[in-house]
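Heads up: the structure comes next, in structure tokens.
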Amino acid sequence: NLVDKVHAIVLAGGSAWGLDAATGAVRWLEEQGVGLDVGVGRLPIVPAAVLFDLHVGDARIRPGADAGYAACAAASSDAPTQGNVGAGAGATVGKLFGMGHAMKGGIGSAAVTLNGVTVGALIAVNALGDVVDPATGAPLAGARTADGRALRGSVAAVLAGEAPLSLLAGVNTTIGVVATDAPLTKAQCPRLAGAGHDGLARAIRPVHTMSDGDTLFALATGQAPALDFNVLCIMAAEAVARACVNAVRAAEGIKTDTLDLPSASDLIAARA
């Protein structure tokens with residue numbers, strides 16, 4: 001209740017094991033002298049969120065404290081890599097009818113700038129549902145048909161009577177950060193994150209299911225001029241929706257002896 005600033009946000013795969021990555025971020029920040037002054041030292045405040053990707057690859061390999069530390073040390077102002085990296089490495093989408101029909105998800109970023117103010121989003125898309133084109137509703141990546149060569153459209157399939165598989169709650173999850181350089185109060189930040197969830201709803205269908213644990217953080221640096229808050233919320237939803245689309249467009253397919261997760265570009269190439 002007393003803290004109005006955080007010093008880093010960690011997004012990771014590995015389910016609950018991946019939360020250990022935040023320990024490394026805390027250690028790196030402490031070495032830089034960054035943190036909340038608690039009298040006996042500076043305590044870095046590092047919220048974290050993880051997604052469930054344990055079915056992809058070896059579940060014993062997951063990000064730990066060393067990965068969190070390395071991520072902080074490698075941070076730069078360069079445009080972030082998208083697709084099968086970071087929290088998007090094991091991300092998948094379109095699992096409503098089982099992993100055998102799913103596709104590769106990933107991490108994506110996007111930004112919207114207006115009147116010198118920017119709202120950006122970094123989203124790791126690991127959704128139960130499909131990722132769709134927000135403008136048309138057409139699926140871009142998600143549950144595939146029985147032959148694996150086309151998208152079935154999860155919402156349309158369910159409404160037509162196809163029964164989804166029963167899944168554990170929280171085994172999917174889309175996580176991300178919405179950030180702006182406009183000044184915001186602490187109370188406004190959760191509202192901006194809520195607007196970001198509107199962007200998830202535009203780009204992921206179905207979204208916010210009982211098998212998703214969708215979580216967004218909101219940050220503000222206050223380095224740009226103020227902008228009408230309603231406009232910022234519009235920008236946040238748009239940035240998040242675009243980031244979700246970029247995540248699946250940048251993703252690369254994975255195929256092993258037991259797993260076939262094509263990417264959006266793989267399906268386009270197969271149809272060509």
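Residues are named by chain letter and number: chains run A, B, ... in the order of the structure tokens, numbers start at 1 in each chain, and ligands are numbered from 1 in the order shown.
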Long-range neighbours of A:Gly142 as a list of chain:residue names, 7 Å cut-off, only C-alpha atoms, 4 positions minimum in chain: A:Val93, A:Gly94, A:Ala102, A:Met103, A:Gly129, A:Asp130, A:Val131, A:Leu151
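Close contacts of A:Asp147, defined as residues with an atom at most 12 Å away when counting only C-alpha atoms, with chain neighbours fewer than 3 positions off set aside, comprise Gly100, His101, Ala143, Arg144, Ala150, Leu151, Arg152 and Leu267 of chain A.
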With C-alpha atoms retained, write the just-selected residues as a short mmCIF file (atom, residue, chain, number, x, y, z; two decimals), in the first residue's frame.
```cif
data_model
loop_
_atom_site.label_atom_id
_atom_site.label_comp_id
_atom_site.auth_asym_id
_atom_site.auth_seq_id
_atom_site.Cartn_x
_atom_site.Cartn_y
_atom_site.Cartn_z
CA GLY A 100 -2.45 -32.05 -31.15
CA HIS A 101 -4.36 -29.24 -32.87
CA ALA A 143 -6.83 -24.61 -33.23
CA ARG A 144 -6.39 -26.51 -36.49
CA ALA A 150 -6.28 -25.15 -41.81
CA LEU A 151 -7.66 -23.14 -38.90
CA ARG A 152 -10.99 -24.34 -37.56
CA LEU A 267 0.20 -22.59 -42.39
#
```
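Nearest-residue note for A:Gly14: choosing from A:Thr258, A:Gln188, A:Asn172, A:Thr118, the minimum distance belongs to A:Asn172, counting only C-alpha atoms.
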9 Å contact set for A:Ser265, only C-alpha atoms, chain neighbours under 2 positions out, as a ChimeraX atom specification: /A:248-253,262-263,267-270
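Shortest atom-to-atom contact with A:Ala74 among A:Ala247, A:Cys233, A:Ala25, A:Val50: A:Ala25, counting only C-alpha atoms.
Proximity of A:Asp198, A:Glu162, A:Asp78, A:Asp266 to A:Phe97, computed with only C-alpha atoms, is greatest for A:Glu162.
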Pick from A:Asn230, A:Asp181, A:Ala220, A:Val240, whichever lies nearest to A:His197 using only C-alpha atoms: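 Answer, going by the shortest atom-to-atom distance: A:Val240.
One distance worth recording is that between atom CA of A:Leu165 and atom CA of A:Met99, which is 10.0 Å.
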Pairwise distance for atom CA of A:Ala201 and atom CA of A:Cys244, rounded to one decimal in Å: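 Between atom CA of A:Ala201 and atom CA of A:Cys244 the gap is 10.3 Å.
Backbone DSSP assigns strand (DSSP E) in stretch 155-229 of chain A to Ile175, Gly176, Val177, Val178, Ala179, Thr180, Ile204, Arg205, Thr215, Leu216, Phe217, Ala218, Leu219 and Ala220 of chain A.
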Write a file of the just-selected residues containing C-alpha atoms, as an mmCIF file, in the first residue's frame.
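Below is the file that was written, part.cif:
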```cif
data_model
loop_
_atom_site.group_PDB
_atom_site.id
_atom_site.type_symbol
_atom_site.label_atom_id
_atom_site.label_comp_id
_atom_site.auth_asym_id
_atom_site.auth_seq_id
_atom_site.Cartn_x
_atom_site.Cartn_y
_atom_site.Cartn_z
ATOM 1 C CA ILE A 175 1.053 -12.229 -19.736
ATOM 2 C CA GLY A 176 2.491 -8.843 -20.539
ATOM 3 C CA VAL A 177 3.320 -5.255 -19.771
ATOM 4 C CA VAL A 178 1.622 -2.043 -20.928
ATOM 5 C CA ALA A 179 3.880 0.991 -20.523
ATOM 6 C CA THR A 180 3.589 4.681 -21.285
ATOM 7 C CA ILE A 204 -7.698 -13.614 -28.692
ATOM 8 C CA ARG A 205 -10.895 -15.659 -28.939
ATOM 9 C CA THR A 215 -2.165 -10.983 -16.338
ATOM 10 C CA LEU A 216 -1.038 -7.531 -17.471
ATOM 11 C CA PHE A 217 1.101 -4.995 -15.623
ATOM 12 C CA ALA A 218 0.973 -1.244 -16.314
ATOM 13 C CA LEU A 219 3.880 1.174 -15.926
ATOM 14 C CA ALA A 220 4.343 4.907 -16.447
#
```
Counting only C-alpha atoms, the option among A:Leu140, A:Ala87, A:Ala8, A:Leu168 closest to A:Arg62: A:Ala87
Nearest to A:Val112, chosen from A:Leu232, A:Ala49, A:Asp257, A:Ala59, with only C-alpha atoms counted in the distances: A:Leu232
Residue neighbourhood A:Ala70, 10 Å, only C-alpha atoms, exclusion window fewer than 4 positions, as an NGL selection string: :A and (21 or 24-25 or 28 or 65-66 or 74-75)
Every residue of stretch 61-268 of chain A that DSSP places in helix (DSSP H, G or I), as an MDAnalysis selection string: chainID A and resid 65:73 86:88 99:101 154:159 188:203 229:250 264:268
Those same residues - C-alpha atoms - I'd like them written as an mmCIF file, in the first residue's frame.
```cif
data_model
loop_
_atom_site.group_PDB
_atom_site.id
_atom_site.type_symbol
_atom_site.label_atom_id
_atom_site.label_comp_id
_atom_site.auth_asym_id
_atom_site.auth_seq_id
_atom_site.Cartn_x
_atom_site.Cartn_y
_atom_site.Cartn_z
ATOM 1 C CA ALA A 65 17.670 -16.729 -11.135
ATOM 2 C CA ASP A 66 20.638 -16.723 -13.521
ATOM 3 C CA ALA A 67 18.292 -16.124 -16.459
ATOM 4 C CA GLY A 68 16.646 -13.183 -14.684
ATOM 5 C CA TYR A 69 20.043 -11.705 -13.866
ATOM 6 C CA ALA A 70 21.277 -12.142 -17.441
ATOM 7 C CA ALA A 71 18.139 -10.525 -18.845
ATOM 8 C CA CYS A 72 18.726 -7.397 -16.744
ATOM 9 C CA ALA A 73 22.402 -7.255 -17.716
ATOM 10 C CA GLY A 86 12.043 -15.153 -23.591
ATOM 11 C CA ALA A 87 8.623 -15.873 -22.146
ATOM 12 C CA GLY A 88 7.458 -16.710 -25.671
ATOM 13 C CA MET A 99 -2.252 -29.886 -28.037
ATOM 14 C CA GLY A 100 -2.446 -32.052 -31.153
ATOM 15 C CA HIS A 101 -4.360 -29.244 -32.873
ATOM 16 C CA SER A 154 -12.377 -22.187 -31.969
ATOM 17 C CA VAL A 155 -15.367 -19.975 -31.168
ATOM 18 C CA ALA A 156 -17.234 -20.957 -34.339
ATOM 19 C CA ALA A 157 -16.461 -24.624 -33.698
ATOM 20 C CA VAL A 158 -17.786 -24.520 -30.135
ATOM 21 C CA LEU A 159 -20.936 -22.667 -31.186
ATOM 22 C CA GLN A 188 -4.629 5.065 -13.004
ATOM 23 C CA CYS A 189 -2.114 2.268 -13.686
ATOM 24 C CA PRO A 190 -4.517 -0.618 -12.907
ATOM 25 C CA ARG A 191 -7.125 1.068 -15.080
ATOM 26 C CA LEU A 192 -4.640 1.239 -17.960
ATOM 27 C CA ALA A 193 -3.896 -2.454 -17.463
ATOM 28 C CA GLY A 194 -7.643 -3.105 -17.617
ATOM 29 C CA ALA A 195 -7.799 -1.297 -20.953
ATOM 30 C CA GLY A 196 -4.976 -3.552 -22.091
ATOM 31 C CA HIS A 197 -7.215 -6.555 -21.394
ATOM 32 C CA ASP A 198 -9.679 -5.028 -23.871
ATOM 33 C CA GLY A 199 -6.883 -5.440 -26.415
ATOM 34 C CA LEU A 200 -6.525 -9.114 -25.464
ATOM 35 C CA ALA A 201 -10.246 -9.554 -26.078
ATOM 36 C CA ARG A 202 -9.917 -8.060 -29.557
ATOM 37 C CA ALA A 203 -7.072 -10.343 -30.591
ATOM 38 C CA PHE A 229 -6.537 9.325 -19.852
ATOM 39 C CA ASN A 230 -9.350 7.991 -22.022
ATOM 40 C CA VAL A 231 -7.079 8.438 -25.033
ATOM 41 C CA LEU A 232 -4.303 6.543 -23.240
ATOM 42 C CA CYS A 233 -6.712 3.666 -22.610
ATOM 43 C CA ILE A 234 -7.646 3.563 -26.297
ATOM 44 C CA MET A 235 -3.949 3.499 -27.179
ATOM 45 C CA ALA A 236 -3.269 0.730 -24.640
ATOM 46 C CA ALA A 237 -5.951 -1.565 -26.043
ATOM 47 C CA GLU A 238 -4.682 -0.987 -29.559
ATOM 48 C CA ALA A 239 -1.032 -1.615 -28.626
ATOM 49 C CA VAL A 240 -1.903 -4.864 -26.835
ATOM 50 C CA ALA A 241 -4.000 -6.156 -29.738
ATOM 51 C CA ARG A 242 -1.216 -5.390 -32.212
ATOM 52 C CA ALA A 243 1.391 -7.009 -29.957
ATOM 53 C CA CYS A 244 -0.648 -10.237 -29.827
ATOM 54 C CA VAL A 245 -0.805 -10.327 -33.621
ATOM 55 C CA ASN A 246 2.925 -9.622 -33.896
ATOM 56 C CA ALA A 247 3.646 -12.445 -31.444
ATOM 57 C CA VAL A 248 2.133 -15.149 -33.650
ATOM 58 C CA ARG A 249 3.383 -13.626 -36.884
ATOM 59 C CA ALA A 250 6.949 -13.652 -35.545
ATOM 60 C CA ALA A 264 1.100 -18.858 -38.639
ATOM 61 C CA SER A 265 3.634 -18.481 -41.456
ATOM 62 C CA ASP A 266 3.925 -22.281 -41.765
ATOM 63 C CA LEU A 267 0.203 -22.586 -42.394
ATOM 64 C CA ILE A 268 0.291 -19.795 -44.970
#
```
Quick one: residues within 8 Å of A:Gly116, only C-alpha atoms, excluding same-chain residues fewer than 3 positions away - as a short mmCIF file (atom, residue, chain, number, x, y, z; two decimals) with C-alpha atoms, in the first residue's frame?
```cif
data_model
loop_
_atom_site.label_atom_id
_atom_site.label_comp_id
_atom_site.auth_asym_id
_atom_site.auth_seq_id
_atom_site.Cartn_x
_atom_site.Cartn_y
_atom_site.Cartn_z
CA THR A 113 2.32 7.25 -30.42
CA ALA A 224 6.33 12.80 -21.68
CA PRO A 225 3.52 15.37 -21.50
#
```
Nearby residues (only C-alpha atoms) at most 7 Å from A:Ser15, same-chain spacing under 4 positions excluded, as a VMD selection string: chain A and resid 50 to 53
Those same residues - N, CA, C and O atoms - I'd like them written as a PDB file, in the first residue's frame.
```pdb
ATOM      1  N   VAL A  50       4.167 -15.619 -14.713  1.00  0.00           N
ATOM      2  CA  VAL A  50       4.659 -16.736 -15.508  1.00  0.00           C
ATOM      3  C   VAL A  50       3.516 -17.364 -16.291  1.00  0.00           C
ATOM      4  O   VAL A  50       2.346 -17.237 -15.933  1.00  0.00           O
ATOM      5  N   LEU A  51       3.872 -18.028 -17.378  1.00  0.00           N
ATOM      6  CA  LEU A  51       2.895 -18.780 -18.148  1.00  0.00           C
ATOM      7  C   LEU A  51       3.241 -20.267 -18.089  1.00  0.00           C
ATOM      8  O   LEU A  51       4.359 -20.643 -17.742  1.00  0.00           O
ATOM      9  N   PHE A  52       2.271 -21.090 -18.400  1.00  0.00           N
ATOM     10  CA  PHE A  52       2.448 -22.541 -18.346  1.00  0.00           C
ATOM     11  C   PHE A  52       2.841 -23.045 -19.729  1.00  0.00           C
ATOM     12  O   PHE A  52       2.050 -22.995 -20.664  1.00  0.00           O
ATOM     13  N   ASP A  53       4.090 -23.509 -19.851  1.00  0.00           N
ATOM     14  CA  ASP A  53       4.580 -24.009 -21.139  1.00  0.00           C
ATOM     15  C   ASP A  53       5.311 -25.338 -20.978  1.00  0.00           C
ATOM     16  O   ASP A  53       6.163 -25.703 -21.793  1.00  0.00           O
TER      17      ASP A  53
END
```
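You will find atom CA of A:Val46 at 24.2 Å from atom CA of A:Ala127.
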